>>> print(open('data.cif').read())   # mmCIF, C-alpha atoms
data_upload
loop_
_atom_site.label_atom_id
_atom_site.label_comp_id
_atom_site.auth_asym_id
_atom_site.auth_seq_id
_atom_site.Cartn_x
_atom_site.Cartn_y
_atom_site.Cartn_z
CA VAL A 1 0.00 0.00 0.00
CA GLY A 2 1.31 3.46 -0.87
CA CYS A 3 0.83 6.96 0.42
CA ASP A 4 1.69 10.53 -0.50
CA ARG A 5 0.97 14.05 0.67
CA SER A 6 -0.57 14.99 -2.66
CA LYS A 7 -4.17 13.90 -3.22
CA ASN A 8 -3.84 14.33 -6.97
CA LEU A 9 -0.82 12.06 -7.17
CA VAL A 10 -2.54 9.43 -5.03
CA ASP A 11 -5.60 9.58 -7.31
CA ILE A 12 -3.32 8.62 -10.17
CA CYS A 13 -2.22 5.54 -8.18
CA ALA A 14 -5.85 4.57 -7.71
CA GLU A 15 -6.51 4.96 -11.44
CA LYS A 16 -3.74 2.44 -12.00
CA HIS A 17 -5.43 0.09 -9.52
CA PHE A 18 -2.87 0.44 -6.73
CA GLN A 19 -3.94 0.72 -3.11
CA ALA A 20 -2.93 4.14 -1.80
CA PHE A 21 -4.03 6.84 0.63
CA VAL A 22 -3.25 10.47 1.37
CA CYS A 23 -1.24 11.36 4.44
CA ASP A 24 1.69 13.33 5.78
CA ALA A 25 5.02 11.52 6.26
CA LEU A 26 5.28 13.00 9.74
CA SER A 27 2.09 11.26 10.82
CA VAL A 28 1.37 8.01 8.98
CA PRO A 29 -2.00 6.50 9.90
CA ILE A 30 -0.76 2.95 10.17
CA ARG A 31 -0.47 0.92 13.34
CA SER A 32 2.99 0.72 14.89
CA GLY A 33 4.96 -2.39 14.15
CA SER A 34 2.65 -3.57 11.39
CA CYS A 35 5.00 -3.45 8.39
CA ASP A 36 7.56 -6.01 7.27
CA ALA A 37 9.12 -3.39 5.01
CA CYS A 38 8.79 0.25 4.06
CA ILE A 39 10.29 2.38 1.36
CA SER A 40 10.74 6.12 1.32
CA ILE A 41 11.89 7.23 -2.09
CA ALA A 42 12.62 10.89 -2.75
CA VAL A 43 10.50 12.09 0.16
CA ILE A 44 12.70 13.08 3.08
CA HIS A 45 14.70 15.58 1.04
CA HIS A 46 11.59 17.79 0.83
CA PHE A 47 11.54 18.49 4.55
CA SER A 48 13.00 21.83 5.43
CA THR A 49 14.68 21.23 8.80
CA ALA A 50 16.97 18.57 10.22
CA GLU A 51 14.42 18.03 12.97
CA ARG A 52 11.62 17.29 10.51
CA ARG A 53 13.81 15.01 8.44
CA LEU A 54 14.71 13.04 11.57
CA ALA A 55 11.03 12.90 12.52
CA THR A 56 10.07 11.31 9.19
CA ILE A 57 12.70 8.61 9.70
CA ARG A 58 11.50 8.04 13.24
CA GLU A 59 7.95 7.67 11.91
CA LEU A 60 9.14 5.20 9.28
CA ALA A 61 10.85 3.16 12.00
CA ARG A 62 7.67 3.18 14.10
CA LEU A 63 5.76 1.39 11.33
CA LEU A 64 8.24 -1.50 11.18
CA ARG A 65 7.96 -4.68 13.17
CA PRO A 66 11.18 -5.79 14.91
CA GLY A 67 13.43 -7.16 12.17
CA GLY A 68 11.53 -5.24 9.52
CA THR A 69 13.52 -3.20 7.00
CA ALA A 70 13.30 0.23 5.43
CA LEU A 71 14.84 1.59 2.24
CA ILE A 72 15.41 5.33 2.00
CA TYR A 73 16.51 7.25 -1.09
CA VAL A 74 17.30 10.96 -1.02
CA TRP A 75 18.84 13.29 -3.57
CA ALA A 76 22.60 13.69 -3.19
CA MET A 77 24.48 16.96 -3.18
CA GLU A 78 27.17 15.11 -5.12
CA GLN A 79 25.73 14.56 -8.59
CA GLU A 80 29.13 13.47 -9.81
CA TYR A 81 30.62 10.69 -7.76
CA LYS A 82 33.76 8.63 -8.34
CA ASN A 83 34.19 10.46 -11.62
CA GLN A 84 30.82 9.35 -12.86
CA LYS A 85 28.07 11.84 -13.63
CA SER A 86 24.59 10.83 -12.53
CA LYS A 87 21.80 10.30 -15.08
CA TYR A 88 20.31 13.55 -13.83
CA LEU A 89 23.37 15.46 -15.09
CA LYS A 90 23.87 13.35 -18.19
CA GLU A 91 20.36 13.90 -19.49
CA LYS A 92 20.96 17.64 -19.72
CA ASN A 93 19.33 18.73 -22.94
CA GLY A 94 20.31 21.18 -25.70
CA SER A 95 21.90 24.58 -25.82
CA LYS A 96 18.84 26.27 -24.35
CA ASN A 97 20.17 25.73 -20.86
CA LYS A 98 23.64 27.12 -21.31
CA ASP A 99 22.94 30.79 -20.78
CA LYS A 100 20.00 30.30 -18.52
CA GLU A 101 21.91 30.34 -15.27
CA MET A 102 19.14 31.47 -12.99
CA ASN A 103 20.79 33.93 -10.68
CA THR A 104 17.46 35.15 -9.47
CA VAL A 105 17.28 34.33 -5.83
CA ILE A 106 13.81 33.75 -4.60
CA ALA A 107 13.21 33.47 -0.92
CA GLN A 108 9.83 32.07 -0.02
CA ARG A 109 7.96 29.68 2.17
CA PRO A 110 8.30 26.05 1.08
CA LEU A 111 5.08 24.78 -0.44
CA SER A 112 3.30 22.45 1.90
CA ASP A 113 1.64 20.45 -0.85
CA GLN A 114 3.70 19.69 -3.89
CA GLY A 115 0.73 18.60 -6.02
CA PRO A 116 0.02 20.01 -9.46
CA ASP A 117 -3.17 21.62 -8.23
CA ASN A 118 -1.16 24.13 -6.27
CA SER A 119 -1.65 27.64 -7.56
CA SER A 120 1.49 29.64 -7.99
CA GLN A 121 1.42 31.70 -4.84
CA ASP A 122 5.16 31.72 -4.62
CA SER A 123 5.70 35.24 -5.93
CA ALA A 124 6.33 36.79 -2.55
CA TRP A 125 9.73 38.27 -1.95
CA CYS A 126 10.80 37.90 1.66
CA ASP A 127 13.96 39.10 3.28
CA GLN A 128 14.29 36.43 5.84
CA LEU A 129 13.04 32.96 5.44
CA LEU A 130 13.38 29.58 6.96
CA ASN A 131 14.87 31.04 10.09
CA ASP A 132 14.85 27.63 11.63
CA VAL A 133 16.89 25.98 8.87
CA LYS A 134 19.91 24.76 10.70
CA ASP A 135 22.41 23.37 8.32
CA GLU A 136 24.87 21.56 10.52
CA SER A 137 26.48 19.40 7.88
CA CYS A 138 28.68 20.36 4.96
CA GLY A 139 28.21 23.66 3.19
CA ALA A 140 26.72 25.34 6.24
CA LYS A 141 25.19 28.72 5.51
CA PRO A 142 24.55 31.47 8.02
CA VAL A 143 21.03 31.19 9.36
CA ALA A 144 20.15 34.87 9.51
CA ASP A 145 18.81 36.37 6.27
CA PHE A 146 18.92 33.01 4.56
CA ARG A 147 17.86 32.99 0.94
CA LEU A 148 17.16 29.95 -1.13
CA PRO A 149 18.88 29.74 -4.48
CA VAL A 150 16.85 28.57 -7.44
CA HIS A 151 18.49 25.64 -9.11
CA THR A 152 19.15 25.30 -12.82
CA ASN A 153 17.85 21.87 -13.73
CA ARG A 154 20.33 19.26 -14.84
CA THR A 155 23.34 21.01 -13.29
CA SER A 156 25.33 20.34 -10.11
CA PHE A 157 24.09 21.60 -6.78
CA HIS A 158 25.85 24.57 -5.21
CA SER A 159 23.85 24.62 -2.03
CA GLN A 160 22.27 21.97 0.15
CA ASP A 161 19.04 23.92 0.52
CA LEU A 162 17.47 25.09 -2.69
CA LEU A 163 14.39 25.44 -4.85
CA VAL A 164 14.13 23.30 -7.96
CA PRO A 165 11.90 24.54 -10.77
CA TRP A 166 9.14 22.33 -12.02
CA HIS A 167 7.36 23.21 -15.24
CA LEU A 168 3.75 22.13 -15.29
CA LYS A 169 2.77 21.32 -18.84
CA GLY A 170 -0.46 19.36 -19.17
CA GLY A 171 0.12 17.74 -15.81
CA THR A 172 3.41 15.95 -16.48
CA LYS A 173 6.87 16.78 -15.24
CA LYS A 174 8.98 18.15 -18.05
CA LYS A 175 12.73 18.21 -18.06
CA GLU A 176 13.28 20.95 -20.64
CA GLU A 177 13.32 24.59 -19.70
CA SER A 178 10.56 26.58 -21.29
CA ILE A 179 9.67 30.20 -20.75
CA ASP A 180 10.19 30.84 -17.07
CA THR A 181 8.60 33.20 -14.67
CA VAL A 182 11.28 35.62 -13.61
CA LEU A 183 10.54 37.42 -10.40
CA VAL A 184 12.23 40.69 -9.65
CA PRO A 185 12.42 42.45 -6.28
CA GLY A 186 9.61 44.93 -6.06
CA GLY A 187 7.43 42.44 -7.88
CA SER A 188 6.63 44.73 -10.78
CA LYS A 189 7.78 42.68 -13.71
CA GLN A 190 6.55 39.24 -14.58
CA LEU A 191 7.06 37.68 -17.97
CA GLN A 192 4.05 36.23 -19.67
CA GLU A 193 4.36 32.50 -19.43
CA LEU A 194 2.89 29.62 -21.33
CA SER A 195 3.11 27.20 -18.45
CA PRO A 196 3.40 27.85 -14.72
CA VAL A 197 6.64 27.14 -12.88
CA PHE A 198 6.60 25.74 -9.38
CA HIS A 199 9.60 25.93 -7.11
CA ARG A 200 9.98 22.85 -5.00
CA TYR A 201 12.09 22.91 -1.88
CA TYR A 202 14.89 20.37 -1.56
CA HIS A 203 17.54 19.71 1.04
CA VAL A 204 20.11 17.62 -0.83
CA PHE A 205 22.20 15.33 1.33
CA CYS A 206 25.98 15.21 1.64
CA GLU A 207 27.89 11.97 1.79
CA GLY A 208 27.36 10.39 5.20
CA GLU A 209 24.57 12.75 6.22
CA LEU A 210 21.65 10.37 5.79
CA GLU A 211 23.53 7.60 7.55
CA ALA A 212 24.38 9.93 10.44
CA VAL A 213 20.73 10.93 10.88
CA CYS A 214 19.70 7.27 10.94
CA ARG A 215 22.43 6.36 13.40
CA SER A 216 21.10 8.93 15.82
CA LEU A 217 18.02 6.71 16.28
CA ASP A 218 18.27 3.89 18.81
CA CYS A 219 15.51 1.80 17.33
CA VAL A 220 17.16 1.08 13.97
CA LYS A 221 20.44 -0.28 12.68
CA VAL A 222 21.99 0.83 9.38
CA GLN A 223 22.42 -2.32 7.30
CA LYS A 224 23.63 -0.73 4.09
CA ASN A 225 24.66 2.70 2.98
CA TYR A 226 25.35 3.46 -0.70
CA TYR A 227 25.22 5.88 -3.63
CA ASP A 228 22.93 5.21 -6.58
CA GLN A 229 22.57 7.51 -9.58
CA GLY A 230 22.75 10.79 -7.74
CA ASN A 231 21.04 9.52 -4.59
CA TRP A 232 22.24 8.61 -1.12
CA CYS A 233 20.55 5.44 0.10
CA VAL A 234 20.27 3.49 3.32
CA ILE A 235 18.75 0.21 4.32
CA LEU A 236 17.65 0.16 7.94
CA GLU A 237 16.60 -2.69 10.19
CA LYS A 238 14.23 -2.17 13.09
CA LEU A 239 15.70 -3.42 16.32
CA MET B 240 -9.88 0.92 -0.75
CA LYS B 241 -9.76 -2.83 -0.20
CA LEU B 242 -10.56 -4.38 3.15
CA LEU B 243 -6.98 -5.60 3.44
CA THR B 244 -5.81 -1.98 3.18
CA HIS B 245 -8.37 -0.91 5.77
CA ASN B 246 -6.85 -3.51 8.07
CA LEU B 247 -3.59 -1.56 8.15
CA LEU B 248 -5.11 1.88 8.70
CA SER B 249 -5.49 3.52 12.06
CA SER B 250 -6.72 6.91 13.20
CA HIS B 251 -3.82 9.20 14.12
CA VAL B 252 -5.80 11.96 15.75
CA PRO B 253 -3.51 13.22 18.53
CA GLY B 254 -4.33 12.39 22.14
CA LEU B 255 -6.00 9.02 21.65
CA ARG B 256 -5.44 6.22 24.10
CA PRO B 257 -3.13 3.46 22.77
CA GLY B 258 -5.02 1.40 20.22
CA GLY B 259 -7.91 3.84 20.35
CA GLY B 260 -7.66 4.62 16.68
CA PHE B 261 -8.17 1.08 15.44
CA PRO B 262 -10.15 -0.27 13.76
CA LEU B 263 -11.68 2.57 11.78
CA ARG B 264 -15.38 2.14 11.20
CA ILE B 265 -16.23 1.90 7.51
CA GLU B 266 -19.28 3.95 6.61
CA LEU B 267 -20.94 3.20 3.31
CA GLY B 268 -24.11 4.41 1.70
CA HIS B 269 -25.76 1.02 2.12
CA PRO B 270 -25.88 -1.84 4.61
CA SER B 271 -23.27 -4.59 4.62
CA GLU B 272 -23.94 -8.04 3.21
CA LEU B 273 -22.23 -9.61 6.18
CA PRO B 274 -23.71 -10.38 9.57
CA PRO B 275 -22.29 -8.34 12.50
CA GLU B 276 -20.46 -11.35 13.96
CA PRO B 277 -19.19 -14.55 12.40
CA VAL B 278 -21.56 -17.42 13.22
CA PRO B 279 -20.18 -20.31 15.29
CA ASP B 280 -18.56 -22.98 13.02
CA TYR B 281 -18.37 -20.43 10.25
CA GLU B 282 -15.66 -22.53 8.57
CA GLY B 283 -18.34 -24.93 7.35
CA ASP B 284 -20.88 -22.30 6.40
CA GLU B 285 -20.43 -22.09 2.63
CA GLU B 286 -22.76 -19.16 2.18
CA PHE B 287 -20.96 -17.14 4.83
CA LEU B 288 -17.54 -18.05 3.42
CA ARG B 289 -18.65 -17.03 -0.02
CA ARG B 290 -19.68 -13.65 1.31
CA VAL B 291 -16.46 -13.14 3.26
CA HIS B 292 -14.37 -14.05 0.22
CA HIS B 293 -16.34 -11.56 -1.81
CA VAL B 294 -15.85 -8.74 0.68
CA LEU B 295 -12.15 -9.44 1.18
CA LEU B 296 -11.10 -9.89 -2.40
CA GLU B 297 -13.78 -8.51 -4.65
CA VAL B 298 -15.03 -5.38 -2.98
CA GLU B 299 -13.43 -1.95 -2.87
CA VAL B 300 -14.88 1.05 -1.13
CA LEU B 301 -15.02 3.91 -3.63
CA GLU B 302 -17.03 6.50 -1.72
CA GLY B 303 -17.62 6.58 2.01
CA SER B 304 -15.73 7.41 5.14
CA LEU B 305 -13.64 5.93 7.92
CA GLN B 306 -14.60 6.88 11.45
CA CYS B 307 -12.16 6.94 14.36
CA PRO B 308 -13.58 4.74 17.09
CA ASP B 309 -12.46 6.97 19.96
CA SER B 310 -12.71 10.51 18.63
CA GLY B 311 -15.45 10.08 16.05
CA ARG B 312 -13.38 12.03 13.54
CA ARG B 313 -14.24 11.02 9.99
CA PHE B 314 -11.73 10.53 7.19
CA PRO B 315 -13.31 10.68 3.74
CA ILE B 316 -12.83 8.06 1.03
CA SER B 317 -13.31 9.30 -2.50
CA LYS B 318 -12.53 7.58 -5.80
CA GLY B 319 -11.27 4.66 -3.73
CA VAL B 320 -8.70 6.84 -1.93
CA PRO B 321 -8.87 7.46 1.83
CA ASN B 322 -7.71 10.95 2.75
CA MET B 323 -6.05 10.63 6.14
CA LEU B 324 -4.63 14.16 6.32
CA LEU B 325 -5.14 16.00 9.57
CA THR B 326 -5.76 19.73 9.51
CA GLU B 327 -3.08 22.17 10.73
CA GLU B 328 -4.98 22.57 14.00
CA GLU B 329 -5.29 18.84 14.62
CA ALA B 330 -1.73 17.81 13.88
#
>>> encode(input="data.cif", output="structure tokens")
Amino acid sequence: VGCDRSKNLVDICAEKHFQAFVCDALSVPIRSGSCDACISIAVIHHFSTAERRLATIRELARLLRPGGTALIYVWAMEQEYKNQKSKYLKEKNGSKNKDKEMNTVIAQRPLSDQGPDNSSQDSAWCDQLLNDVKDESCGAKPVADFRLPVHTNRTSFHSQDLLVPWHLKGGTKKKEESIDTVLVPGGSKQLQELSPVFHRYYHVFCEGELEAVCRSLDCVKVQKNYYDQGNWCVILEKL
Amino acid sequence: MKLLTHNLLSSHVPGLRPGGGFPLRIELGHPSELPPEPVPDYEGDEEFLRRVHHVLLEVEVLEGSLQCPDSGRRFPISKGVPNMLLTEEEA
């Protein structure tokens, strides 16, 4: 059985005849100790504080029966590892992207629901945001007046905490850059766009970071820890 | 939502006593085809077994709700999908 925070995405699962429900990863409505195995793929990296990320892993552990296992995948800061570029970098398309280095820094509240039905309310320009983002691992940034950089898709990450653009075109995720909304301080100019752009918050993990978070929990043991196509992965066992 | 899925779900309204969120009461638009309790020696009751098999493996709730036994809070099911999200105030 599957679950996600986005009702629209879960509806798609149901259309494909999978069993799924809508819930928040911080509070999963499943009885403790009732799962032989759980997977959390590309979820935890959307949580904006170390505390919340730890809480999702603790929640995942709660669901497992003793001896049960969990698999966690999160996006890695290191998109090139052991001299190999990840698929994410390799699939970089055409010359369109070359000069489109998005230097526009947009500071905003992370969207609570990443579903496609979200209207683009992310045009606010705030001076100080995510005051409680405490980046204690590599690439630590000062907490005061923290701004989130907007990532250029298909390039390496320069910051652990960032916003990744998502172009909504007929409901499917598109990899190519199209006409983007460019937001300028003062909010006066906005380019006419053909498709809306959503900025999705990510905290990309450094080598060893996911493992360290898991090791801080007494109820699980890290069985495996590895890198897979631009992701850091762990396999946990419930003690 | 299949019955086997329902078997895993529990209410996560904060402040419930342990186990107070399970099982969720399934509310449909129409009465169930099953009796409230299994009859004694149900293993031999073909008619009953046929109905149980049907409900377990052939029935999915598309529209209805799940009610928390302790708090009474209802979680809607629509298009076969239970929505278990708590509001900001509840969480």
>>> resolve_selection(input="data.cif", expression="the PyMOL selection byres ((chain A) within 6 of (chain B))", output="PyMOL selection string")
chain A and resi 21-23+29-31
>>> closest_residue(input="data.cif", among="A:His17, A:Arg58, A:Arg200, A:Lys90", to="Val150 in chain A", atoms="all atoms listed in the file")
A:Arg200
>>> atom_distance(input="data.cif", atom1="CA of Ser34 in chain A", atom2="CA of Val220 in chain A")
15.5 Å
>>> atom_distance(input="data.cif", atom1="CA of Leu163 in chain A", atom2="CA of His45 in chain A")
11.5 Å
>>> atom_distance(input="data.cif", atom1="CA of Ile41 in chain A", atom2="CA of Leu242 in chain B")
25.8 Å
>>> axis_aligned_box(input="data.cif", around="range 248-262 of chain B", padding_each_side="3 Å", output="AutoDock Vina command-line options")
--center_x -6.6 --center_y 6.5 --center_z 16.4 --size_x 13.0 --size_y 19.5 --size_z 21.4
>>> residues_near_point(input="data.cif", point="(-14.1, -8.5, -2.3)", cutoff="12 Å", atoms="all atoms listed in the file", output="PyMOL selection string")
chain B and resi 240-244+272-273+288-300
